[in-house]
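A.B. asks: Sharing a structure below in C-alpha cells format, with a few things to ask.
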Amino acid sequence: MRIALIGNEFCQQFPVVGYGGIESCVEQLAWGLSAAEHDFFVVVPRREKKTKGKNQYPFEIVEVPFRPSLISGKKPGEFIRLVKKALKGMLYDAIWSQSHWSLPPLLELGRPIIATFHDSCLKQAGWMINHPNAYHRFISKFQYRNWVRLPWEREKSFQVYTGMADEEYDFGAQRDDYFLWVAGFNFGWDAKGLPLFIELARQNPGKNFIAYGGGDKTIQKKLIKTIRNIPNLSYRGELKHGIAHRETFKKARAFIMPTRLPEALGRTILESLSKGTPVLGSANGALPEIIQQHGIATNNFSELNCALEQPFDNQACFEYSKSFSVRNEVRAMLDKTKAILAGVNR
C-alpha cells in the first residue's frame with residue numbers, strides 16, 4: 001500500500017519556513033511514515049534554493065513548480081492543479097491530503113482520498129463532499145462533532161488526533177520564570193488572544209512575559225508600540241521551528257493560549273505539553289479536550305489570571321503528551337486506509 005501524502009500550499013515544507021501549523025503536520029506525518037518504514041512519497045510546493053540543499057530526508061519529496069502562496073501571493077488552487085498533474089505519472093494506492101479544498105480536482109484521479117480538516121471555524125456549507133472516493137478526517141473530537149452531523153457524513157468521516165514526531169519530545173527539567181505566547185500575526189490582533197496576554201502582563205508586573213509572532217508587519221508594529229510601557233513583557237519576533245523553538249517552550253513556566261477561535265486542535269498546545277510545559281488557555285474549540293488537567297481552560301479572565309500562581313506537574317504534562325505521538329496517528333491512519341481499500345476492492 002503506497003501513500004501519496006499531499007502537503008500544503010501556504011508555507012514551505014521540508015524544512016518548514018514560517019510557523020506553518022498545517023505544514024508542520026505534513027512534515028510530522030512524513031517522519032512518522034518513515035519511522036514506520038511504510039511506502040510513501042510526499043508532494044509539496046517548490047522549496048527555496050537557499051534551504052533546499054541544507055536538509056536531506058530519507059523519503060521521496062516531489063516538488064511541483066509552485067512557490068508557497070505566502071511567498072508568491074498566488075492563489076492556492078494553482079498548487080492543487082499542479083499536484084494532480086504530477087500524480088498522473090506516479091504509482092500509489094491512496095492519497096492523504098492536508099486540505100478539504102484539494103478534494104474536487106484530486107477526485108478526478110480515481111483513487112481514495114482522505115482529506116484532513118484543519119480549519120478552526122464552524123461548519124461551512126459545501127465543504128464536505130459526498131463522493132465514493134472521498135473520506136474526511138478530523139483532528140479532534142470537538143471538530144468532528146462540529147462538522148459531522150448527517151448520516152452520510154458519519155459514514156464517510158473519522159477522527160484521529162494529529163501527532164508529534166519523536167524529536168519534539170524534549171522534557172524541560174530546568175525552567176526559566178516566564179509565561180509564553182506564540183502565534184501567527186496573520187490571524188489578526190484579537191483572534192489568538194494577544195490583548196488578553198498583554199493585559200495579564202500589565203496586571204502582573206512582578207512576572208515575566210514573552211511574546212513571539214510574525215507574518216503581519218502592521219500587527220508587529222502595533223505590538224511593539226503597545227508594550228512600550230510594560231517592562232515585564234518583551235516581544236522576540238518570529239519563533240522559527242528547530243532548536244530555538246523547542247528550547248523556548250521547554251523553559252517556559254507555562255504557555256498562554258487565550259484564543260477566541262473555535263480551535264480545531266491548537267497545535268502549539270502539543271508543542272508545549274511535549275516539553276512538560278502546562279497550558280493556560282481559553283475554553284474555546286478543542287482546547288479543554290486537549291489540555292485536560294495539564295493546565296486550565298477558561299473564558300474567565302480572573303480565573304486565567306489566578307492560574308498564573310497555580311502549580312502543575314511538569315512530568316505529568318510530558319507523559320500525557322506522549323498519547324499524541326505521530327506513531328499513534330500513523331497507525332490509525334494506515335488502519336483506516338487499509339479498511340477503505342478493502343472496501344473498494346470487494
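Letters A, B, ... mark the chains of the C-alpha cells in the order given; residue numbers begin at 1 per chain; ligand numbers begin at 1, in order shown.
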If we count only C-alpha atoms and set the cut-off at 9 Å, which residues sit around Ala307 in chain A, ignoring sequence neighbours fewer than 4 positions away in its own chain? Please answer as a ChimeraX atom specification.
C.D. replies: /A:280,295-296,302-303,311
A.B. asks: Those residues with N, CA and C atoms, as an mmCIF file, in the first residue's frame please?
C.D. replies:
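Dumped to result_30.cif:
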```cif
data_model
loop_
_atom_site.group_PDB
_atom_site.id
_atom_site.type_symbol
_atom_site.label_atom_id
_atom_site.label_comp_id
_atom_site.auth_asym_id
_atom_site.auth_seq_id
_atom_site.Cartn_x
_atom_site.Cartn_y
_atom_site.Cartn_z
ATOM 1 N N LEU A 280 -2.216 27.349 29.766
ATOM 2 C CA LEU A 280 -3.307 28.147 30.329
ATOM 3 C C LEU A 280 -4.028 28.791 29.155
ATOM 4 N N GLY A 295 -3.129 21.993 32.885
ATOM 5 C CA GLY A 295 -3.264 23.422 32.679
ATOM 6 C C GLY A 295 -4.667 23.824 33.045
ATOM 7 N N ILE A 296 -5.163 24.855 32.418
ATOM 8 C CA ILE A 296 -6.523 25.310 32.684
ATOM 9 C C ILE A 296 -7.125 25.841 31.399
ATOM 10 N N SER A 302 -10.389 36.450 35.249
ATOM 11 C CA SER A 302 -9.911 36.358 36.636
ATOM 12 C C SER A 302 -9.361 34.968 36.933
ATOM 13 N N GLU A 303 -10.045 33.930 36.431
ATOM 14 C CA GLU A 303 -9.564 32.564 36.630
ATOM 15 C C GLU A 303 -8.235 32.341 35.919
ATOM 16 N N PRO A 311 0.424 25.713 40.659
ATOM 17 C CA PRO A 311 1.485 24.764 40.291
ATOM 18 C C PRO A 311 0.918 23.611 39.458
#
```
A.B. asks: Just want the 10 Å neighbourhood of Glu48 in chain A, counted on only C-alpha atoms, with same-chain residues fewer than 5 positions away dropped. Output as a list of chain:residue names.
C.D. replies: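 My list of contacting residues is A:Gln12, A:Gln13, A:Val17, A:Gly53, A:Arg67, A:Pro68, A:Ile71.
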A.B. asks: Using only C-alpha atoms, which of A:Lys336, A:Lys275, A:Arg228, A:His294 sits nearest Asp166 in chain A?
C.D. replies: A:Lys275
A.B. asks: Please measure the separation of CA of Leu265 in chain A and CA of Ala316 in chain A, giving the value in Å to one decimal.
C.D. replies: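 Those two atoms sit 20.1 Å apart.
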A.B. asks: Env of Leu106 in chain A: 9 Å cut, atoms = only C-alpha atoms, seq-sep filter 2 positions within chain, self excluded. Answer as number ranges by chain.
C.D. replies: A: 80-81, 83-84, 95, 102-104, 108-111, 113
A.B. asks: Running DSSP on the backbone, which parts of range 2-138 of chain A land in helix (DSSP H, G or I), as a ChimeraX atom specification?
C.D. replies: /A:21-35,49-52,69-72,77-87,100-109
A.B. asks: Write the residues of the preceding selection, restricted to C-alpha atoms, as a PDB file, in the first residue's frame.
C.D. replies:
```pdb
ATOM      1  CA  GLY A  21       0.921  24.851  11.635  1.00  0.00           C
ATOM      2  CA  ILE A  22      -0.638  22.731   8.881  1.00  0.00           C
ATOM      3  CA  GLU A  23       2.713  22.398   7.131  1.00  0.00           C
ATOM      4  CA  SER A  24       4.244  21.111  10.367  1.00  0.00           C
ATOM      5  CA  CYS A  25       1.573  18.398  10.420  1.00  0.00           C
ATOM      6  CA  VAL A  26       2.684  17.352   6.927  1.00  0.00           C
ATOM      7  CA  GLU A  27       6.299  17.125   7.979  1.00  0.00           C
ATOM      8  CA  GLN A  28       5.466  15.228  11.187  1.00  0.00           C
ATOM      9  CA  LEU A  29       3.319  12.737   9.240  1.00  0.00           C
ATOM     10  CA  ALA A  30       6.144  12.157   6.771  1.00  0.00           C
ATOM     11  CA  TRP A  31       8.587  11.429   9.581  1.00  0.00           C
ATOM     12  CA  GLY A  32       6.025   9.114  11.165  1.00  0.00           C
ATOM     13  CA  LEU A  33       5.526   7.162   7.940  1.00  0.00           C
ATOM     14  CA  SER A  34       9.291   6.984   7.514  1.00  0.00           C
ATOM     15  CA  ALA A  35       9.774   5.689  11.081  1.00  0.00           C
ATOM     16  CA  LYS A  49      17.109  27.259  -3.209  1.00  0.00           C
ATOM     17  CA  LYS A  50      18.685  28.617  -0.034  1.00  0.00           C
ATOM     18  CA  THR A  51      17.016  25.901   2.077  1.00  0.00           C
ATOM     19  CA  LYS A  52      16.739  23.011  -0.384  1.00  0.00           C
ATOM     20  CA  SER A  69       1.353  31.216  -1.612  1.00  0.00           C
ATOM     21  CA  LEU A  70       2.543  33.228   1.426  1.00  0.00           C
ATOM     22  CA  ILE A  71       5.766  33.843  -0.515  1.00  0.00           C
ATOM     23  CA  SER A  72       4.431  34.186  -4.056  1.00  0.00           C
ATOM     24  CA  GLY A  77      -5.931  26.427  -6.479  1.00  0.00           C
ATOM     25  CA  GLU A  78      -2.926  26.504  -8.798  1.00  0.00           C
ATOM     26  CA  PHE A  79      -0.955  24.265  -6.428  1.00  0.00           C
ATOM     27  CA  ILE A  80      -3.603  21.526  -6.441  1.00  0.00           C
ATOM     28  CA  ARG A  81      -3.781  21.629 -10.234  1.00  0.00           C
ATOM     29  CA  LEU A  82      -0.041  21.003 -10.416  1.00  0.00           C
ATOM     30  CA  VAL A  83      -0.259  18.250  -7.795  1.00  0.00           C
ATOM     31  CA  LYS A  84      -2.895  16.482  -9.881  1.00  0.00           C
ATOM     32  CA  LYS A  85      -0.657  16.738 -12.934  1.00  0.00           C
ATOM     33  CA  ALA A  86       2.325  15.269 -11.016  1.00  0.00           C
ATOM     34  CA  LEU A  87       0.281  12.383  -9.597  1.00  0.00           C
ATOM     35  CA  HIS A 100     -10.507  19.876   2.183  1.00  0.00           C
ATOM     36  CA  TRP A 101     -10.293  22.183  -0.870  1.00  0.00           C
ATOM     37  CA  SER A 102      -7.994  19.735  -2.643  1.00  0.00           C
ATOM     38  CA  LEU A 103     -10.768  17.144  -2.998  1.00  0.00           C
ATOM     39  CA  PRO A 104     -12.631  18.282  -6.165  1.00  0.00           C
ATOM     40  CA  PRO A 105      -9.630  18.201  -8.546  1.00  0.00           C
ATOM     41  CA  LEU A 106      -7.920  15.186  -6.954  1.00  0.00           C
ATOM     42  CA  LEU A 107     -11.057  13.045  -7.071  1.00  0.00           C
ATOM     43  CA  GLU A 108     -10.673  13.010 -10.842  1.00  0.00           C
ATOM     44  CA  LEU A 109      -7.644  10.713 -10.339  1.00  0.00           C
TER      45      LEU A 109
END
```
A.B. asks: Restricting the calculation to only C-alpha atoms: of A:Val43, A:Val16, A:Thr268, A:Ile340, which residue gets closest to Gly163 in chain A?
C.D. replies: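 Between A:Val43, A:Val16, A:Thr268, A:Ile340, the residue approaching Gly163 in chain A most closely is A:Thr268.
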A.B. asks: For Lys221 in chain A, please output as a list in words all residues within 12 Å (counting only C-alpha atoms; exclusion window: fewer than 5 positions along the same chain).
C.D. replies: Phe185, Trp189, Gly213, Gly214, Gly215, Asp216, Thr226, Ile227, Arg228, Tyr235 and Gly237 of chain A
A.B. asks: Write out, as a PDB file, in the first residue's frame, the residues just selected, with N, CA and C atoms.
C.D. replies:
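Result written to again.pdb:
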```pdb
ATOM      1  N   PHE A 185       0.732  36.318  13.364  1.00  0.00           N
ATOM      2  CA  PHE A 185       0.004  37.581  13.326  1.00  0.00           C
ATOM      3  C   PHE A 185      -1.016  37.635  12.189  1.00  0.00           C
ATOM      4  N   TRP A 189      -5.187  40.901  15.360  1.00  0.00           N
ATOM      5  CA  TRP A 189      -4.805  41.370  16.681  1.00  0.00           C
ATOM      6  C   TRP A 189      -5.505  40.590  17.802  1.00  0.00           C
ATOM      7  N   GLY A 213       5.837  36.165  17.511  1.00  0.00           N
ATOM      8  CA  GLY A 213       4.867  36.152  16.415  1.00  0.00           C
ATOM      9  C   GLY A 213       5.451  36.806  15.190  1.00  0.00           C
ATOM     10  N   GLY A 214       4.909  36.450  14.052  1.00  0.00           N
ATOM     11  CA  GLY A 214       5.364  37.034  12.797  1.00  0.00           C
ATOM     12  C   GLY A 214       4.295  36.889  11.735  1.00  0.00           C
ATOM     13  N   GLY A 215       4.523  37.540  10.586  1.00  0.00           N
ATOM     14  CA  GLY A 215       3.635  37.374   9.455  1.00  0.00           C
ATOM     15  C   GLY A 215       2.864  38.608   9.048  1.00  0.00           C
ATOM     16  N   ASP A 216       2.672  39.550   9.947  1.00  0.00           N
ATOM     17  CA  ASP A 216       1.945  40.779   9.622  1.00  0.00           C
ATOM     18  C   ASP A 216       2.684  41.948  10.261  1.00  0.00           C
ATOM     19  N   THR A 226       2.432  49.084  21.715  1.00  0.00           N
ATOM     20  CA  THR A 226       1.537  48.844  22.853  1.00  0.00           C
ATOM     21  C   THR A 226       2.298  48.471  24.120  1.00  0.00           C
ATOM     22  N   ILE A 227       3.369  47.702  23.986  1.00  0.00           N
ATOM     23  CA  ILE A 227       4.084  47.195  25.173  1.00  0.00           C
ATOM     24  C   ILE A 227       5.249  48.080  25.591  1.00  0.00           C
ATOM     25  N   ARG A 228       5.356  49.227  24.967  1.00  0.00           N
ATOM     26  CA  ARG A 228       6.488  50.124  25.248  1.00  0.00           C
ATOM     27  C   ARG A 228       6.610  50.450  26.736  1.00  0.00           C
ATOM     28  N   TYR A 235       8.839  41.370  23.323  1.00  0.00           N
ATOM     29  CA  TYR A 235       8.480  40.747  22.054  1.00  0.00           C
ATOM     30  C   TYR A 235       9.778  40.321  21.374  1.00  0.00           C
ATOM     31  N   GLY A 237      10.025  38.618  18.244  1.00  0.00           N
ATOM     32  CA  GLY A 237       9.958  38.346  16.809  1.00  0.00           C
ATOM     33  C   GLY A 237       9.344  36.992  16.516  1.00  0.00           C
TER      34      GLY A 237
END
```
A.B. asks: Run DSSP on the backbone of this structure and report the residues of range 146-254 of chain A it assigns to strand (DSSP E or B), as a PyMOL selection string.
C.D. replies: chain A and resi 157-159+164+178-184+208-214+233-235+254
A.B. asks: List as a ChimeraX atom specification the protein and nucleic acid residues near range 133-143 of chain A, meaning an atom at most 8 Å away when only C-alpha atoms are counted, but skip any in the same chain fewer than 4 places from it.
C.D. replies: /A:100,103,107,110-118,128-129,147,156-162,264-265,285-286,289
A.B. asks: Restricted to C-alpha atoms, what would the selected residues look like written as a compact mmCIF listing (two decimals), in the first residue's frame?
C.D. replies:
```txt
# COMPACT_ATOMS: atom_id res chain seq x y z
CA HIS A 100 -10.51 19.88 2.18
CA LEU A 103 -10.77 17.14 -3.00
CA LEU A 107 -11.06 13.05 -7.07
CA GLY A 110 -9.92 7.87 -9.25
CA ARG A 111 -8.10 6.98 -6.01
CA PRO A 112 -9.48 7.01 -2.43
CA ILE A 113 -8.62 10.30 -0.73
CA ILE A 114 -8.53 11.09 2.97
CA ALA A 115 -8.77 14.87 3.32
CA THR A 116 -7.78 16.22 6.73
CA PHE A 117 -9.71 19.22 8.03
CA HIS A 118 -7.51 21.66 9.95
CA MET A 128 -17.78 18.26 2.87
CA ILE A 129 -18.13 16.26 -0.33
CA TRP A 147 -18.75 19.07 11.21
CA LYS A 156 -17.51 8.90 5.41
CA SER A 157 -15.75 10.60 8.35
CA PHE A 158 -13.49 9.71 11.28
CA GLN A 159 -11.38 11.41 13.94
CA VAL A 160 -7.64 10.94 14.56
CA TYR A 161 -5.51 13.39 16.54
CA THR A 162 -2.60 14.99 14.74
CA ALA A 264 -9.69 22.57 15.67
CA LEU A 265 -6.83 21.38 17.87
CA GLY A 285 -12.87 24.72 20.48
CA ALA A 286 -10.76 21.67 21.29
CA GLU A 289 -10.32 18.42 25.34
```
A.B. asks: Closest to Ile219 in chain A among A:Leu150, A:Pro195, A:Asn8, A:Lys251, using only C-alpha atoms?
C.D. replies: A:Pro195
A.B. asks: For Val279 in chain A, find every residue with an atom within 8 Å (counting only C-alpha atoms), except residues of its own chain fewer than 5 positions away, and show them as a VMD selection string.
C.D. replies: chain A and resid 254 to 257 269 272 to 273 291 294 to 296
A.B. asks: Please measure the separation of CA of Asn284 in chain A and CA of Arg260 in chain A, giving the value in Å to one decimal.
C.D. replies: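 CA of Arg260 in chain A lies at a distance of 6.6 Å from CA of Asn284 in chain A.
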A.B. asks: Measuring between only C-alpha atoms, which one of A:Leu194, A:Tyr144, A:Phe59, A:Asn299 shows the shortest distance to Lys222 in chain A?
C.D. replies: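 Checking each candidate against Lys222 in chain A, we get A:Leu194 as the closest.
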